[in-house]
Amino acid sequence: MAGLYFHIPFCRKACHYCDFHFSTSMAGKELMVEAIIGELHLKSPEWNTEIFETIYFGGGTPSVLSEKELGRILEVVNTQFSVVDNPRISNIKSIPEITLEANPDDLDEHHLESMRKVGINRLSIGIQSFFDEELKFMNRSHDAAQAMTCISKAKEAGFEDISVDLIYGISGSSNQKWIENVERVLDFGIPHISAYALTVEPKTAFYHQIKKGTASSPKEEEQEEQFTILVEILKKAGFVHYEISNFCKPGFQSKHNSAYWDGVPYLGIGPSAHTFQQGVRSWNVSNNAQYIQGIENKTPKSESEVLTSRDIINEYIMTGLRRLEGLSIRKMEGYPNDVINIVLSSARAHIDAGRLILAGDNLYISEKHRFLADGIASDLFLMEGDI
Ligand code: SF4
């Protein structure tokens, strides 16, 4: 099984904290859709032995695509690739998870209906906050009223598998506002929440504002506090905290992201999109004009790297420790130089301090210390010469 990812590099406004690849000019949208279709045709021969189980439109803001544009892309996917539940794969009875990331200002009744019509069956809505002052601070393209109404409209349109993105630890916010943000999502009966701490990435507007002193940096202790609040509220509401930033009602885990973390192959289409297959990771150029030109010339502009055993294990440690089940020690068997003992010896201080728990085959982060997952994982990384 494999995953298919589309990077749609357009946004209506540049959020101040965002360092993803996107353009706020829609002028090249039609050419981009042609190039994406062109890349699908170019890549299909080398991917014809894979069966795609999940399709994910990310970005950028894929909800800027029209029904016609989405429909054309999905039609090419179904004719050029093997997808579960596709007539070409008659022996597999399953439905592909087809997710589309959307911003509230794009979600009117008509567009929601169009998305359902072309086959989108999971929506990931970038709400981030239900407070106007926070949305303005982040330069989001929607306001609080749109954040509220789009969820009701999505449900009325028949979407059941909905995820909402929220941001915590916003400079100048408060625990009370954060609690209200989380509770509003719960009031809507949303089955999946992704919550991220506000971060300061180089080259973003937020970074420059902080440097100039016109905005204040998010405070780590406030972020940790709000993360703890989030975990407590969602636990009480019956959510499974299946990955450090992801919570779901049983059965509503993101199949696409879970497959990434399981190391399944994935094909990324569009500028800046990443692909992973047979130990090689490649990524397309992060420039719309160069991407389109490369596809038109049938020589896609991309770079690649062959992952070493050390890279693969370190990525497994990072993704594993971010997940509820943690690392399976057995999965690291078969590597030379006693990898398991090296990792367990690096983990010892964290185990003794109660930050990591070793139970049978599993090594996982204790509930109380999950906010520290990335730092703990990096302490366990293999160094050069270890393998
Ligand atoms: S809408 Fe999403 S991708 Fe676009 S600028 Fe905002 S956070 Fe970044």
# chains A, B, ... in the order shown; residues from 1 in each chain; ligands from 1
call {"tool": "closest_atom_pairs", "arguments": {"of": "chain A", "to": "ligand 1", "cutoff": "9 Å", "atoms": "only C-alpha atoms and all ligand atoms", "output": "CSV"}}
result
residue,atom,partner,partner_atom_place_in_ligand_line,distance
A:Pro9,CA,ligand 1,3 (S),7.7
A:Phe10,CA,ligand 1,4 (Fe),7.0
A:Cys11,CA,ligand 1,4 (Fe),4.7
A:Arg12,CA,ligand 1,1 (S),7.3
A:Lys13,CA,ligand 1,5 (S),6.2
A:Ala14,CA,ligand 1,5 (S),4.2
A:Cys15,CA,ligand 1,6 (Fe),4.2
A:His16,CA,ligand 1,5 (S),7.4
A:Tyr17,CA,ligand 1,7 (S),7.2
A:Cys18,CA,ligand 1,8 (Fe),4.5
A:Asp19,CA,ligand 1,8 (Fe),6.6
A:Phe20,CA,ligand 1,8 (Fe),5.7
A:His21,CA,ligand 1,3 (S),7.2
A:Phe22,CA,ligand 1,3 (S),6.5
A:Ser23,CA,ligand 1,4 (Fe),8.4
A:Thr24,CA,ligand 1,5 (S),8.4
A:Gly58,CA,ligand 1,3 (S),8.2
A:Gly59,CA,ligand 1,3 (S),5.3
A:Gly60,CA,ligand 1,3 (S),3.7
A:Thr61,CA,ligand 1,1 (S),5.5
A:Glu101,CA,ligand 1,2 (Fe),8.7
A:Ala102,CA,ligand 1,1 (S),8.4
A:Asn103,CA,ligand 1,1 (S),6.8
A:Gly126,CA,ligand 1,2 (Fe),7.2
A:Met138,CA,ligand 1,6 (Fe),8.6
A:Asn139,CA,ligand 1,6 (Fe),8.0
A:Arg140,CA,ligand 1,6 (Fe),6.3
A:Ser141,CA,ligand 1,1 (S),7.4
call {"tool": "residues_around", "arguments": {"residues": "Glu34 (chain A)", "least_positions_apart": "4", "cutoff": "9 Å", "atoms": "only C-alpha atoms", "output": "ChimeraX atom specification"}}
result
/A:29-30,38-39,73,292
call {"tool": "residues_around", "arguments": {"residues": "region 166-176 of chain A", "least_positions_apart": "4", "cutoff": "7 Å", "atoms": "only C-alpha atoms", "output": "CSV table (one decimal) with C-alpha atoms, in the first residue's frame"}}
result
chain,number,residue,atom,x,y,z
A,127,ILE,CA,-9.4,26.9,12.1
A,128,GLN,CA,-6.4,27.7,14.4
A,129,SER,CA,-8.6,29.9,16.8
A,180,GLU,CA,-12.7,27.9,24.9
A,194,SER,CA,-4.6,18.4,15.3
A,195,ALA,CA,-3.0,20.9,17.7
A,196,TYR,CA,0.3,22.6,17.2
A,197,ALA,CA,2.3,25.0,19.3
A,198,LEU,CA,3.0,28.4,17.6
A,216,SER,CA,6.5,38.9,21.5
A,217,SER,CA,7.8,35.4,21.3
A,218,PRO,CA,5.6,32.5,22.4
A,219,LYS,CA,6.6,31.3,25.9
A,222,GLU,CA,2.7,28.7,28.6
A,223,GLN,CA,2.8,26.3,25.6
A,226,GLN,CA,-1.8,24.7,27.3
call {"tool": "residues_around", "arguments": {"residues": "Glu303 (chain A)", "least_positions_apart": "4", "cutoff": "8 Å", "atoms": "only C-alpha atoms", "output": "tab-separated table (two decimals) with N, CA and C atoms, in the first residue's frame"}}
result
chain	number	residue	atom	x	y	z
A	282	SER	N	12.99	11.95	-2.10
A	282	SER	CA	13.26	13.03	-3.06
A	282	SER	C	12.25	14.14	-2.82
A	283	TRP	N	12.59	15.31	-3.30
A	283	TRP	CA	11.68	16.45	-3.11
A	283	TRP	C	11.75	17.36	-4.33
A	284	ASN	N	10.58	17.81	-4.74
A	284	ASN	CA	10.48	18.70	-5.90
A	284	ASN	C	10.94	20.10	-5.54
A	285	VAL	N	11.34	20.85	-6.57
A	285	VAL	CA	11.80	22.21	-6.37
A	285	VAL	C	10.68	23.04	-5.71
call {"tool": "closest_residue", "arguments": {"among": "A:Glu384, A:Asp105, A:Asp187, A:Asp379", "to": "Ile125 (chain A)", "atoms": "only C-alpha atoms"}}
result
A:Asp105
call {"tool": "closest_residue", "arguments": {"among": "A:Arg281, A:Lys68, A:Lys153, A:Arg370", "to": "Asp108 (chain A)", "atoms": "only C-alpha atoms"}}
result
A:Lys153
call {"tool": "select_by_dssp", "arguments": {"residues": "region 49-105 of chain A", "states": "strand (DSSP E or B)", "output": "list of chain:residue names"}}
result
A:Ile51, A:Phe52, A:Glu53, A:Thr54, A:Ile55, A:Tyr56, A:Phe57, A:Gly58, A:Gly59, A:Ser82, A:Val83, A:Glu97, A:Ile98, A:Thr99, A:Leu100, A:Glu101, A:Ala102
call {"tool": "select_by_dssp", "arguments": {"residues": "region 19-260 of chain A", "states": "helix (DSSP H, G or I)", "output": "PyMOL selection string"}}
result
chain A and resi 29-47+62-64+67-80+104-106+109-118+132-137+144-156+175-187+205-212+220-236+255-260
call {"tool": "residues_around", "arguments": {"residues": "Ala35 (chain A)", "least_positions_apart": "2", "cutoff": "9 Å", "atoms": "only C-alpha atoms", "output": "PyMOL selection string"}}
result
chain A and resi 30-33+37-40+270+291-296
call {"tool": "residues_around", "arguments": {"residues": "Leu123 (chain A)", "least_positions_apart": "4", "cutoff": "8 Å", "atoms": "only C-alpha atoms", "output": "PyMOL selection string"}}
result
chain A and resi 99-102+159+161-163
call {"tool": "residues_around", "arguments": {"residues": "His142 (chain A)", "least_positions_apart": "4", "cutoff": "7 Å", "atoms": "only C-alpha atoms", "output": "ChimeraX atom specification"}}
result
/A:104-105,146-147
call {"tool": "write_last_selection", "arguments": {"atoms": "C-alpha atoms", "output": "short mmCIF file (atom, residue, chain, number, x, y, z; two decimals), in the first residue's frame"}}
result
data_model
loop_
_atom_site.label_atom_id
_atom_site.label_comp_id
_atom_site.auth_asym_id
_atom_site.auth_seq_id
_atom_site.Cartn_x
_atom_site.Cartn_y
_atom_site.Cartn_z
CA PRO A 104 -12.89 28.36 6.54
CA ASP A 105 -13.28 31.22 4.03
CA GLN A 146 -16.32 32.06 9.45
CA ALA A 147 -14.48 29.62 11.71
#
call {"tool": "closest_residue", "arguments": {"among": "A:Gln80, A:Ser152, A:Ser124, A:Ser44", "to": "Glu109 (chain A)", "atoms": "only C-alpha atoms"}}
result
A:Ser152
call {"tool": "atom_distance", "arguments": {"atom1": "CA of Ile120 (chain A)", "atom2": "CA of Gly189 (chain A)"}}
result
19.7 Å
